file query33.cif (mmCIF, C-alpha atoms)
data_upload
loop_
_atom_site.label_atom_id
_atom_site.label_comp_id
_atom_site.auth_asym_id
_atom_site.auth_seq_id
_atom_site.Cartn_x
_atom_site.Cartn_y
_atom_site.Cartn_z
CA MET A 761 152.39 -32.57 -43.59
CA THR A 762 154.81 -32.44 -46.55
CA ASP A 763 157.15 -35.02 -45.02
CA LEU A 764 154.23 -37.31 -44.17
CA LEU A 765 152.78 -36.90 -47.67
CA THR A 766 156.14 -37.70 -49.21
CA ALA A 767 156.43 -40.78 -47.03
CA ALA A 768 152.92 -41.90 -47.94
CA MET A 769 153.59 -41.41 -51.66
CA ALA A 770 156.76 -43.44 -51.27
CA GLY A 771 154.75 -46.28 -49.72
CA GLU A 772 156.26 -46.03 -46.25
CA PRO A 773 154.29 -48.43 -43.98
CA GLY A 774 151.72 -46.59 -41.87
CA ALA A 775 152.37 -43.16 -43.42
CA PHE A 776 149.08 -43.01 -45.34
CA ASP A 777 147.08 -43.99 -42.25
CA ARG A 778 148.81 -41.26 -40.24
CA LEU A 779 148.11 -38.76 -43.02
CA VAL A 780 144.35 -39.43 -43.29
CA GLY A 781 143.65 -40.81 -39.81
CA PRO A 782 142.83 -37.43 -38.19
CA HIS A 783 140.08 -36.92 -40.79
CA ARG A 784 138.42 -40.34 -40.71
CA ALA A 785 135.78 -39.59 -38.03
CA GLU A 786 134.66 -36.30 -39.57
CA LEU A 787 134.53 -37.87 -43.04
CA GLU A 788 132.25 -40.59 -41.72
CA ALA A 789 129.96 -38.03 -40.07
CA HIS A 790 129.89 -36.10 -43.36
CA CYS A 791 128.86 -39.19 -45.32
CA TYR A 792 126.22 -39.99 -42.69
CA ARG A 793 124.69 -36.52 -43.05
CA MET A 794 124.60 -36.96 -46.80
CA VAL A 795 123.10 -40.46 -46.96
CA GLY A 796 121.41 -40.98 -43.56
CA SER A 797 122.94 -44.40 -42.91
CA LEU A 798 125.79 -45.45 -40.62
CA HIS A 799 126.47 -48.59 -42.66
CA ASP A 800 126.55 -46.72 -45.96
CA ALA A 801 128.73 -44.01 -44.40
CA GLN A 802 131.28 -46.57 -43.25
CA ASP A 803 131.40 -48.09 -46.76
CA LEU A 804 131.72 -44.65 -48.35
CA VAL A 805 134.66 -43.73 -46.12
CA GLN A 806 136.40 -46.96 -47.10
CA GLU A 807 135.81 -46.13 -50.78
CA THR A 808 137.04 -42.58 -50.21
CA LEU A 809 140.28 -43.65 -48.56
CA LEU A 810 140.91 -46.33 -51.17
CA ARG A 811 140.50 -43.78 -53.95
CA ALA A 812 142.69 -41.32 -52.05
CA TRP A 813 145.40 -43.95 -51.69
CA ARG A 814 145.27 -44.83 -55.37
CA GLY A 815 145.17 -41.18 -56.41
CA LEU A 816 147.72 -39.81 -53.98
CA GLY A 817 150.13 -39.09 -56.80
CA GLY A 818 147.63 -36.59 -58.20
CA PHE A 819 147.54 -34.54 -55.00
CA ASP A 820 150.06 -31.74 -55.33
CA GLY A 821 150.43 -31.07 -51.60
CA ARG A 822 150.28 -27.29 -52.02
CA GLY A 823 147.24 -27.07 -49.76
CA PRO A 824 145.77 -29.09 -46.88
CA ILE A 825 144.64 -32.61 -47.67
CA ARG A 826 141.28 -32.18 -45.92
CA PRO A 827 139.43 -30.43 -48.81
CA TRP A 828 140.77 -33.02 -51.24
CA LEU A 829 139.42 -35.85 -49.08
CA TYR A 830 136.05 -34.10 -48.78
CA ARG A 831 135.91 -33.72 -52.55
CA ILE A 832 136.33 -37.47 -52.97
CA ALA A 833 133.90 -38.33 -50.16
CA THR A 834 131.21 -35.92 -51.38
CA ASN A 835 131.34 -37.26 -54.90
CA ARG A 836 131.16 -40.85 -53.60
CA CYS A 837 127.99 -39.82 -51.71
CA LEU A 838 126.49 -38.16 -54.80
CA THR A 839 127.14 -41.29 -56.86
CA LEU A 840 125.34 -43.43 -54.27
CA LEU A 841 122.41 -41.01 -54.07
CA GLU A 842 121.93 -41.14 -57.84
CA ARG A 843 120.85 -44.78 -57.61
CA ARG A 844 119.08 -44.87 -54.27
CA GLY A 845 115.97 -43.25 -52.84
CA ARG A 846 116.11 -41.00 -49.83
CA ARG A 847 116.06 -42.28 -46.27
CA GLU A 848 113.11 -41.24 -44.13
CA LEU A 849 111.59 -41.41 -40.68
CA PRO A 850 108.04 -42.74 -40.17
CA THR A 851 106.96 -39.17 -39.38
CA ASP A 852 107.34 -38.45 -43.11
CA LEU A 853 104.21 -40.60 -43.56
CA ALA A 854 100.65 -39.83 -42.52
CA PRO A 855 100.04 -40.33 -38.75
CA GLY A 856 98.91 -43.86 -37.88
CA ALA A 857 100.04 -45.31 -41.22
CA ALA A 858 99.80 -49.08 -41.05
CA GLU A 859 101.94 -49.94 -44.06
CA ALA A 860 104.43 -48.41 -46.43
CA ALA A 861 105.89 -49.22 -49.81
CA GLU A 862 109.56 -50.13 -50.11
CA ARG A 863 111.30 -47.47 -48.04
CA SER A 864 114.76 -46.91 -46.66
CA TRP A 865 114.71 -45.68 -43.08
CA LEU A 866 117.09 -43.20 -41.53
CA GLU A 867 119.58 -44.85 -39.16
CA PRO A 868 120.89 -43.51 -35.81
CA TYR A 869 124.51 -42.47 -35.38
CA PRO A 870 126.70 -43.31 -32.35
CA ASP A 871 128.15 -40.24 -30.64
CA GLN A 872 131.32 -42.11 -29.75
CA ARG A 873 132.23 -42.27 -33.45
CA LEU A 874 132.52 -38.47 -33.39
CA ASP A 875 135.06 -38.43 -30.59
CA ALA A 876 138.69 -37.66 -31.34
CA PRO A 877 141.65 -36.76 -29.11
CA GLY A 878 142.10 -33.09 -28.36
CA GLN A 879 138.59 -31.94 -29.28
CA SER A 880 137.41 -28.72 -27.68
CA ALA A 881 133.94 -28.37 -26.18
CA GLU A 882 132.96 -26.18 -29.15
CA GLN A 883 134.17 -28.76 -31.66
CA ARG A 884 132.13 -31.47 -29.90
CA TYR A 885 129.12 -29.15 -29.95
CA VAL A 886 129.38 -28.53 -33.71
CA LEU A 887 129.93 -32.21 -34.54
CA ARG A 888 126.92 -33.33 -32.50
CA GLU A 889 124.69 -30.56 -33.82
CA GLY A 890 125.53 -31.70 -37.34
CA VAL A 891 124.18 -35.24 -36.80
CA GLU A 892 120.99 -34.44 -34.88
CA LEU A 893 118.11 -36.53 -36.20
CA ALA A 894 115.85 -33.64 -37.19
CA PHE A 895 118.66 -32.02 -39.18
CA VAL A 896 119.78 -35.21 -40.94
CA ALA A 897 116.14 -36.13 -41.68
CA ALA A 898 115.54 -32.66 -43.16
CA LEU A 899 118.66 -32.95 -45.32
CA GLN A 900 117.29 -36.13 -46.91
CA HIS A 901 114.47 -34.08 -48.46
CA LEU A 902 116.90 -31.84 -50.36
CA PRO A 903 118.12 -32.69 -53.86
CA ALA A 904 121.54 -34.29 -53.54
CA ARG A 905 123.61 -31.36 -54.80
CA GLN A 906 121.70 -28.85 -52.65
CA ARG A 907 122.33 -31.16 -49.72
CA ALA A 908 126.05 -31.26 -50.51
CA ALA A 909 126.32 -27.48 -50.89
CA LEU A 910 124.53 -26.86 -47.59
CA VAL A 911 126.60 -29.38 -45.63
CA LEU A 912 129.91 -28.26 -47.12
CA CYS A 913 129.30 -24.54 -46.53
CA GLU A 914 127.12 -24.35 -43.43
CA VAL A 915 128.20 -27.39 -41.42
CA LEU A 916 131.83 -27.73 -42.49
CA ALA A 917 132.45 -24.01 -43.12
CA PHE A 918 134.03 -24.38 -46.55
CA THR A 919 133.71 -21.29 -48.74
CA ALA A 920 131.40 -21.26 -51.76
CA GLU A 921 134.53 -21.24 -53.92
CA GLU A 922 135.93 -24.33 -52.17
CA ALA A 923 132.56 -26.10 -52.41
CA ALA A 924 132.33 -25.26 -56.10
CA GLY A 925 135.71 -26.89 -56.65
CA MET A 926 134.62 -30.02 -54.80
CA LEU A 927 131.37 -30.24 -56.77
CA ASP A 928 132.91 -29.37 -60.17
CA THR A 929 130.54 -26.44 -60.59
CA SER A 930 130.53 -22.64 -60.39
CA VAL A 931 130.34 -20.36 -57.38
CA PRO A 932 126.97 -18.92 -58.55
CA ALA A 933 125.60 -22.47 -58.82
CA VAL A 934 126.69 -23.22 -55.25
CA THR A 935 125.22 -19.93 -54.01
CA SER A 936 121.92 -20.68 -55.73
CA ALA A 937 121.83 -24.21 -54.30
CA LEU A 938 122.50 -22.82 -50.83
CA GLN A 939 119.66 -20.32 -51.10
CA ARG A 940 117.19 -23.00 -52.19
CA ALA A 941 118.33 -25.39 -49.46
CA ARG A 942 118.01 -22.72 -46.78
CA ARG A 943 114.46 -21.94 -47.89
CA THR A 944 113.53 -25.62 -47.68
CA LEU A 945 115.03 -26.03 -44.20
CA ARG A 946 113.69 -22.74 -42.83
CA GLY A 947 111.87 -23.22 -39.52
CA ARG A 948 113.44 -26.58 -38.62
CA ALA A 949 113.56 -27.58 -34.95
CA HIS A 950 115.90 -25.84 -32.53
CA SER A 951 119.30 -27.40 -32.00
CA GLN A 952 119.23 -30.10 -29.35
CA GLN A 953 122.70 -28.93 -28.31
CA ASP A 954 121.21 -25.54 -27.42
CA VAL A 955 118.28 -27.13 -25.55
CA GLN A 956 120.59 -29.39 -23.55
CA ARG A 957 122.95 -26.52 -22.74
CA ALA A 958 120.03 -24.46 -21.47
CA LEU A 959 118.84 -27.33 -19.28
CA GLY A 960 122.35 -27.96 -17.99
CA ASP A 961 123.88 -31.32 -17.14
CA ALA A 962 121.88 -31.61 -13.92
CA GLY A 963 118.61 -30.84 -15.70
CA VAL A 964 119.27 -33.39 -18.44
CA ARG A 965 120.20 -36.04 -15.86
CA ASP A 966 117.06 -35.32 -13.85
CA LEU A 967 114.85 -35.65 -16.92
CA ALA A 968 116.61 -38.87 -17.95
CA ASP A 969 116.23 -40.33 -14.44
CA ARG A 970 112.53 -39.48 -14.29
CA TYR A 971 111.86 -40.90 -17.75
CA THR A 972 113.75 -44.11 -16.94
CA ALA A 973 111.94 -44.52 -13.63
CA ALA A 974 108.52 -44.02 -15.24
CA TRP A 975 109.19 -46.62 -17.94
CA GLU A 976 110.66 -49.19 -15.55
CA ALA A 977 107.66 -48.73 -13.24
CA GLY A 978 105.19 -48.98 -16.13
CA ASP A 979 103.85 -45.56 -15.15
CA VAL A 980 102.04 -44.34 -18.27
CA ASP A 981 100.84 -41.15 -16.58
CA GLY A 982 104.40 -40.35 -15.53
CA ILE A 983 105.66 -40.88 -19.10
CA VAL A 984 102.90 -38.84 -20.72
CA ALA A 985 103.32 -35.99 -18.22
CA MET A 986 106.86 -35.48 -19.52
CA LEU A 987 105.71 -35.01 -23.13
CA THR A 988 104.86 -31.82 -24.96
CA ASP A 989 101.24 -31.52 -26.08
CA ASP A 990 102.27 -32.20 -29.71
CA ALA A 991 104.87 -34.89 -28.98
CA ARG A 992 105.55 -37.54 -31.63
CA TYR A 993 106.50 -41.20 -31.13
CA ALA A 994 107.92 -43.31 -33.98
CA MET A 995 109.46 -46.79 -34.19
CA PRO A 996 111.30 -47.49 -37.46
CA PRO A 997 111.15 -49.87 -39.25
CA GLN A 998 107.46 -49.88 -38.27
CA PRO A 999 105.80 -47.18 -40.39
CA ALA A 1000 103.06 -46.27 -37.89
CA TRP A 1001 103.69 -43.30 -35.58
CA PHE A 1002 101.68 -41.37 -33.03
CA GLU A 1003 101.19 -37.69 -32.31
CA GLY A 1004 99.88 -35.96 -29.19
CA ARG A 1005 99.65 -37.07 -25.58
CA ALA A 1006 96.32 -38.90 -25.92
CA ALA A 1007 97.39 -40.94 -28.96
CA ILE A 1008 100.76 -41.82 -27.41
CA ARG A 1009 99.11 -42.77 -24.12
CA GLU A 1010 96.68 -45.11 -25.89
CA PHE A 1011 99.51 -46.69 -27.86
CA LEU A 1012 101.68 -47.24 -24.78
CA ILE A 1013 98.88 -48.85 -22.79
CA GLY A 1014 97.89 -51.10 -25.68
CA GLY A 1015 101.43 -52.13 -26.60
CA PRO A 1016 104.82 -51.47 -25.00
CA LEU A 1017 103.66 -51.14 -21.39
CA GLY A 1018 102.35 -54.69 -21.52
CA SER A 1019 106.01 -55.68 -21.08
CA GLN A 1020 108.56 -54.99 -18.38
CA TRP A 1021 111.38 -52.61 -19.37
CA LEU A 1022 114.94 -51.81 -18.41
CA PHE A 1023 116.57 -48.60 -19.67
CA ARG A 1024 120.29 -47.96 -20.01
CA PRO A 1025 121.88 -44.62 -21.10
CA ALA A 1026 123.22 -44.47 -24.65
CA ARG A 1027 124.77 -41.79 -26.87
CA ALA A 1028 123.20 -41.17 -30.28
CA ASN A 1029 122.93 -38.22 -32.68
CA GLY A 1030 124.06 -35.76 -30.01
CA GLN A 1031 120.77 -36.32 -28.19
CA LEU A 1032 119.46 -37.92 -25.00
CA ALA A 1033 119.19 -41.62 -25.78
CA PHE A 1034 118.53 -44.99 -24.14
CA ALA A 1035 119.14 -48.62 -24.99
CA THR A 1036 115.90 -50.32 -23.94
CA TYR A 1037 115.49 -53.97 -22.96
CA LEU A 1038 112.28 -55.89 -22.34
CA ARG A 1039 111.09 -59.20 -20.99
CA GLU A 1040 107.57 -60.57 -21.01
CA ARG A 1041 107.94 -63.07 -18.15
CA PRO A 1042 109.59 -62.49 -14.77
CA HIS A 1043 113.16 -63.56 -14.08
CA GLU A 1044 114.14 -64.23 -17.71
CA ARG A 1045 116.85 -62.53 -19.73
CA TRP A 1046 116.30 -58.98 -20.91
CA VAL A 1047 116.35 -58.77 -24.71
CA ALA A 1048 117.03 -55.78 -26.98
CA GLY A 1049 113.97 -53.65 -27.59
CA GLY A 1050 115.01 -50.40 -29.22
CA LEU A 1051 117.43 -47.54 -29.21
CA ASP A 1052 115.32 -44.56 -28.13
CA VAL A 1053 116.55 -41.14 -29.30
CA LEU A 1054 114.74 -38.22 -27.63
CA ALA A 1055 114.29 -34.64 -28.84
CA LEU A 1056 113.66 -32.10 -26.09
CA ARG A 1057 111.83 -28.80 -26.07
CA GLY A 1058 112.62 -26.95 -22.90
CA ASP A 1059 112.28 -29.48 -20.07
CA ARG A 1060 109.80 -31.71 -21.93
CA ILE A 1061 110.11 -34.44 -24.55
CA ALA A 1062 108.95 -33.40 -28.01
CA GLU A 1063 109.81 -36.58 -29.91
CA VAL A 1064 110.87 -40.17 -29.34
CA VAL A 1065 112.29 -42.20 -32.22
CA SER A 1066 112.75 -45.79 -31.13
CA PHE A 1067 114.96 -47.66 -33.61
CA LEU A 1068 113.86 -51.27 -33.18
CA GLY A 1069 115.85 -54.46 -33.57
CA PRO A 1070 119.04 -56.06 -32.25
CA GLU A 1071 121.04 -54.98 -35.33
CA VAL A 1072 120.93 -51.41 -34.04
CA PHE A 1073 122.47 -52.56 -30.75
CA VAL A 1074 125.23 -54.38 -32.64
CA ALA A 1075 126.04 -51.24 -34.66
CA PHE A 1076 126.33 -49.26 -31.40
CA GLY A 1077 128.41 -51.91 -29.62
CA LEU A 1078 125.61 -52.50 -27.10
CA PRO A 1079 124.75 -55.93 -25.63
CA THR A 1080 121.69 -57.47 -27.26
CA SER A 1081 120.65 -59.13 -24.01
CA LEU A 1082 121.21 -58.72 -20.26
CA ASP A 1083 121.08 -61.19 -17.38
CA PRO A 1084 118.07 -61.21 -15.03
CA THR A 1085 120.39 -59.99 -12.26
CA ASP A 1086 120.74 -56.69 -14.12
CA ASP A 1087 117.21 -55.83 -12.93
CA PRO A 1088 117.69 -53.50 -9.94
CA ALA A 1089 114.39 -54.75 -8.50
CA ALA A 1090 115.11 -58.46 -8.97
CA PRO A 1091 115.17 -60.63 -5.84
CA ALA A 1092 118.61 -61.61 -4.60
CA GLY A 1093 119.93 -64.89 -5.94
CA LEU A 1094 118.46 -64.64 -9.44
#

call {"tool": "encode", "arguments": {"input": "query33.cif", "output": "C-alpha cells"}}
result
Amino acid sequence: MTDLLTAAMAGEPGAFDRLVGPHRAELEAHCYRMVGSLHDAQDLVQETLLRAWRGLGGFDGRGPIRPWLYRIATNRCLTLLERRGRRELPTDLAPGAAEAAERSWLEPYPDQRLDAPGQSAEQRYVLREGVELAFVAALQHLPARQRAALVLCEVLAFTAEEAAGMLDTSVPAVTSALQRARRTLRGRAHSQQDVQRALGDAGVRDLADRYTAAWEAGDVDGIVAMLTDDARYAMPPQPAWFEGRAAIREFLIGGPLGSQWLFRPARANGQLAFATYLRERPHERWVAGGLDVLALRGDRIAEVVSFLGPEVFVAFGLPTSLDPTDDPAAPAGL
C-alpha cells in the first residue's frame, strides 16, 4: 500500500481511486447502517472520500487506511444525525395508524451494492446480516454515538481502543456505550441469514415460488397460510400497518388483491425480496407497485415490508414498468 499511497499523495492519475476503491462498498453499507438511507449513505461516502482526498497528506501511512476512512465516514454520519431525526418503519407506530407527523422512513438497501470481487461466503454472510431490516431499524432507536460504537465494534470488529480513536473518546466511554446499546437491542429478531441457511436454497426457492404463485393467482388463503400467526405487514411511506393473519387477510381482500399482480425476484437487505408490478385492467402495461422485503421465521413469513413507489425501483436499477407480454398467463400475440 505504501507505493500506492505515495502515488496518490503525488497526484498520480487513478492512484487515489485504487487506494480507496476496495473499501467503497463497505463504507457505503456502514453509512447505511448508521443513517438508514441509501441516498444519504451514497452522499456520505462521497463526502468521506472527498475529505480523505483533501486530507491525504495528514495520513502517515504507518497503519492500514481502512480505520482512517471509517473514522471520517463515522464522523460524517454523526454530523448528519445531529441535525436530522431518526428513520423509522411504520411498525414503530401504533397498529392501524392512519396518519403520522413529519417522519423519515427507513429505506431498503440493494444486496448487489455489497458485492465485491473475491468475497468469501462468510464475508457475504456478515455483510448481509449487517444490513437486515430489523437490525438497521433497531439501530435507529439508539443514540447516535451508541449506534456508532455498536456498529464499529460488533459489526465491523474494530477493538474498543480503535473505536475510541475514531470517535475521539475514551475506551471506557466506548465500553459503556456498547453495554447500553446491547441492552437496548437485546431480544431482537433472529438473523435472516441463519433462517435462510437453515431452510437451504431449495427451501427458500420453494417458499418464494409458492408466495409468488399465490399473489399472481389472487389467492388470499394461500398467502395467509404462509404467514406466522403474529405476522406484520407494512407499506412505507403509508403509516398504517397490520398485524396478525386476520387483519392482514382483511387488508389484502379490501385493497391489494383488487388488482392483478406480477412478482419478480429482487435482492434487498440480505432477505427474500420481490419487485411487484400491478395492473388494474387486462392487457395493459404492468406498473411498479412496491419492493417487498420479507422476514422469515422457520418456513413461514413473519413480516412483509413493501416499500412503495417507482423511486425505489429506480434506486435498485429495476424497470418501473413491464410490457403486457411479460405476463406468463397472457394470451399469445399481446

call {"tool": "atom_distance", "arguments": {"input": "query33.cif", "atom1": "CA of Val805 (chain A)", "atom2": "CA of Gly817 (chain A)"}}
result
19.4 Å

call {"tool": "resolve_selection", "arguments": {"input": "query33.cif", "expression": "the PyMOL selection byres ((chain A and resi 830) around 10)", "output": "MDAnalysis selection string"}}
result
chainID A and resid 783 786:787 790:791 808 825:829 831:836 912 916 923 926

call {"tool": "closest_residue", "arguments": {"input": "query33.cif", "among": "A:Arg1027, A:Arg793, A:Arg784, A:Arg943", "to": "Gln900 (chain A)", "atoms": "all atoms listed in the file"}}
result
A:Arg793

call {"tool": "resolve_selection", "arguments": {"input": "query33.cif", "expression": "the PyMOL selection byres ((chain A and resi 768-773) around 12)", "output": "JSON, numbers by chain"}}
result
{"A": [761, 762, 763, 764, 765, 766, 767, 774, 775, 776, 777, 778, 779, 780, 812, 813, 814, 815, 816, 817, 818, 819, 820, 821]}

call {"tool": "resolve_selection", "arguments": {"input": "query33.cif", "expression": "the PyMOL selection byres ((chain A and resi 871) around 10)", "output": "list in words"}}
result
Ala789, Pro868, Tyr869, Pro870, Gln872, Arg873, Leu874, Asp875, Arg884, Leu887, Arg888, Val891, Ala1026, Arg1027, Ala1028, Asn1029, Gly1030, Gln1031 and Phe1076 of chain A

call {"tool": "residues_near_point", "arguments": {"input": "query33.cif", "point": "(125.4, -27.2, -25.1)", "cutoff": "7 Å", "atoms": "only C-alpha atoms", "output": "PDB file with C-alpha atoms, keeping the file's coordinate frame"}}
result
ATOM      1  CA  TYR A 885     129.120 -29.150 -29.950  1.00  0.00           C
ATOM      2  CA  GLN A 953     122.700 -28.930 -28.310  1.00  0.00           C
ATOM      3  CA  ASP A 954     121.210 -25.540 -27.420  1.00  0.00           C
ATOM      4  CA  GLN A 956     120.590 -29.390 -23.550  1.00  0.00           C
ATOM      5  CA  ARG A 957     122.950 -26.520 -22.740  1.00  0.00           C
TER       6      ARG A 957
END

call {"tool": "closest_residue", "arguments": {"input": "query33.cif", "among": "A:Asp966, A:Glu1071, A:Glu788, A:Glu842", "to": "Glu807 (chain A)", "atoms": "only C-alpha atoms"}}
result
A:Glu788

call {"tool": "residues_around", "arguments": {"input": "query33.cif", "residues": "Glu1044 (chain A)", "least_positions_apart": "3", "cutoff": "7 Å", "atoms": "only C-alpha atoms", "output": "ChimeraX atom specification"}}
result
/A:1039,1041,1084

call {"tool": "atom_distance", "arguments": {"input": "query33.cif", "atom1": "CA of Glu1010 (chain A)", "atom2": "CA of Asp989 (chain A)"}}
result
14.3 Å

call {"tool": "closest_residue", "arguments": {"input": "query33.cif", "among": "A:Ala1000, A:Val1072, A:Leu1017, A:Leu910", "to": "Ala854 (chain A)", "atoms": "only C-alpha atoms"}}
result
A:Ala1000

call {"tool": "atom_distance", "arguments": {"input": "query33.cif", "atom1": "CA of Arg1005 (chain A)", "atom2": "CA of Glu1063 (chain A)"}}
result
11.1 Å

call {"tool": "residues_around", "arguments": {"input": "query33.cif", "residues": "region 968-985 of chain A", "least_positions_apart": "6", "cutoff": "12 Å", "atoms": "all atoms listed in the file", "output": "PyMOL selection string"}}
result
chain A and resi 956+959+961-962+991-993+1003-1026+1031-1039+1052-1056+1059-1064+1087-1089

call {"tool": "decode", "arguments": {"input": "query33.cif", "residues": "region 894-914 of chain A", "atoms": "N, CA and C atoms", "output": "PDB file, in the first residue's frame"}}
result
ATOM      1  N   ALA A 894     -34.530  -5.530  10.221  1.00  0.00           N
ATOM      2  CA  ALA A 894     -34.813  -5.478  11.651  1.00  0.00           C
ATOM      3  C   ALA A 894     -33.628  -4.905  12.418  1.00  0.00           C
ATOM      4  N   PHE A 895     -32.401  -5.261  12.002  1.00  0.00           N
ATOM      5  CA  PHE A 895     -31.209  -4.766  12.675  1.00  0.00           C
ATOM      6  C   PHE A 895     -31.026  -3.277  12.431  1.00  0.00           C
ATOM      7  N   VAL A 896     -31.139  -2.848  11.176  1.00  0.00           N
ATOM      8  CA  VAL A 896     -30.948  -1.431  10.852  1.00  0.00           C
ATOM      9  C   VAL A 896     -32.045  -0.592  11.513  1.00  0.00           C
ATOM     10  N   ALA A 897     -33.282  -1.103  11.521  1.00  0.00           N
ATOM     11  CA  ALA A 897     -34.380  -0.382  12.174  1.00  0.00           C
ATOM     12  C   ALA A 897     -34.112  -0.248  13.676  1.00  0.00           C
ATOM     13  N   ALA A 898     -33.603  -1.313  14.297  1.00  0.00           N
ATOM     14  CA  ALA A 898     -33.306  -1.260  15.733  1.00  0.00           C
ATOM     15  C   ALA A 898     -32.186  -0.260  16.017  1.00  0.00           C
ATOM     16  N   LEU A 899     -31.185  -0.216  15.147  1.00  0.00           N
ATOM     17  CA  LEU A 899     -30.085   0.732  15.333  1.00  0.00           C
ATOM     18  C   LEU A 899     -30.583   2.173  15.379  1.00  0.00           C
ATOM     19  N   GLN A 900     -31.626   2.481  14.591  1.00  0.00           N
ATOM     20  CA  GLN A 900     -32.103   3.859  14.515  1.00  0.00           C
ATOM     21  C   GLN A 900     -32.655   4.355  15.843  1.00  0.00           C
ATOM     22  N   HIS A 901     -32.979   3.435  16.755  1.00  0.00           N
ATOM     23  CA  HIS A 901     -33.519   3.815  18.058  1.00  0.00           C
ATOM     24  C   HIS A 901     -32.426   4.057  19.100  1.00  0.00           C
ATOM     25  N   LEU A 902     -31.180   3.820  18.727  1.00  0.00           N
ATOM     26  CA  LEU A 902     -30.065   4.081  19.639  1.00  0.00           C
ATOM     27  C   LEU A 902     -29.584   5.513  19.475  1.00  0.00           C
ATOM     28  N   PRO A 903     -29.135   6.153  20.551  1.00  0.00           N
ATOM     29  CA  PRO A 903     -28.441   7.435  20.391  1.00  0.00           C
ATOM     30  C   PRO A 903     -27.273   7.265  19.420  1.00  0.00           C
ATOM     31  N   ALA A 904     -26.957   8.324  18.706  1.00  0.00           N
ATOM     32  CA  ALA A 904     -26.020   8.216  17.587  1.00  0.00           C
ATOM     33  C   ALA A 904     -24.668   7.623  17.978  1.00  0.00           C
ATOM     34  N   ARG A 905     -24.113   8.034  19.104  1.00  0.00           N
ATOM     35  CA  ARG A 905     -22.788   7.552  19.470  1.00  0.00           C
ATOM     36  C   ARG A 905     -22.834   6.109  19.974  1.00  0.00           C
ATOM     37  N   GLN A 906     -23.932   5.705  20.610  1.00  0.00           N
ATOM     38  CA  GLN A 906     -24.102   4.286  20.940  1.00  0.00           C
ATOM     39  C   GLN A 906     -24.190   3.459  19.670  1.00  0.00           C
ATOM     40  N   ARG A 907     -24.931   3.973  18.720  1.00  0.00           N
ATOM     41  CA  ARG A 907     -25.079   3.307  17.422  1.00  0.00           C
ATOM     42  C   ARG A 907     -23.710   3.119  16.778  1.00  0.00           C
ATOM     43  N   ALA A 908     -22.904   4.170  16.774  1.00  0.00           N
ATOM     44  CA  ALA A 908     -21.578   4.102  16.158  1.00  0.00           C
ATOM     45  C   ALA A 908     -20.699   3.083  16.864  1.00  0.00           C
ATOM     46  N   ALA A 909     -20.703   3.110  18.210  1.00  0.00           N
ATOM     47  CA  ALA A 909     -19.869   2.172  18.963  1.00  0.00           C
ATOM     48  C   ALA A 909     -20.268   0.737  18.675  1.00  0.00           C
ATOM     49  N   LEU A 910     -21.574   0.465  18.632  1.00  0.00           N
ATOM     50  CA  LEU A 910     -22.040  -0.897  18.392  1.00  0.00           C
ATOM     51  C   LEU A 910     -21.646  -1.372  16.995  1.00  0.00           C
ATOM     52  N   VAL A 911     -21.866  -0.533  15.998  1.00  0.00           N
ATOM     53  CA  VAL A 911     -21.558  -0.928  14.621  1.00  0.00           C
ATOM     54  C   VAL A 911     -20.056  -1.124  14.444  1.00  0.00           C
ATOM     55  N   LEU A 912     -19.264  -0.204  14.958  1.00  0.00           N
ATOM     56  CA  LEU A 912     -17.819  -0.306  14.794  1.00  0.00           C
ATOM     57  C   LEU A 912     -17.261  -1.564  15.454  1.00  0.00           C
ATOM     58  N   CYS A 913     -17.743  -1.878  16.651  1.00  0.00           N
ATOM     59  CA  CYS A 913     -17.159  -2.995  17.409  1.00  0.00           C
ATOM     60  C   CYS A 913     -17.806  -4.333  17.090  1.00  0.00           C
ATOM     61  N   GLU A 914     -19.122  -4.375  16.943  1.00  0.00           N
ATOM     62  CA  GLU A 914     -19.791  -5.664  16.812  1.00  0.00           C
ATOM     63  C   GLU A 914     -20.055  -6.068  15.369  1.00  0.00           C
TER      64      GLU A 914
END
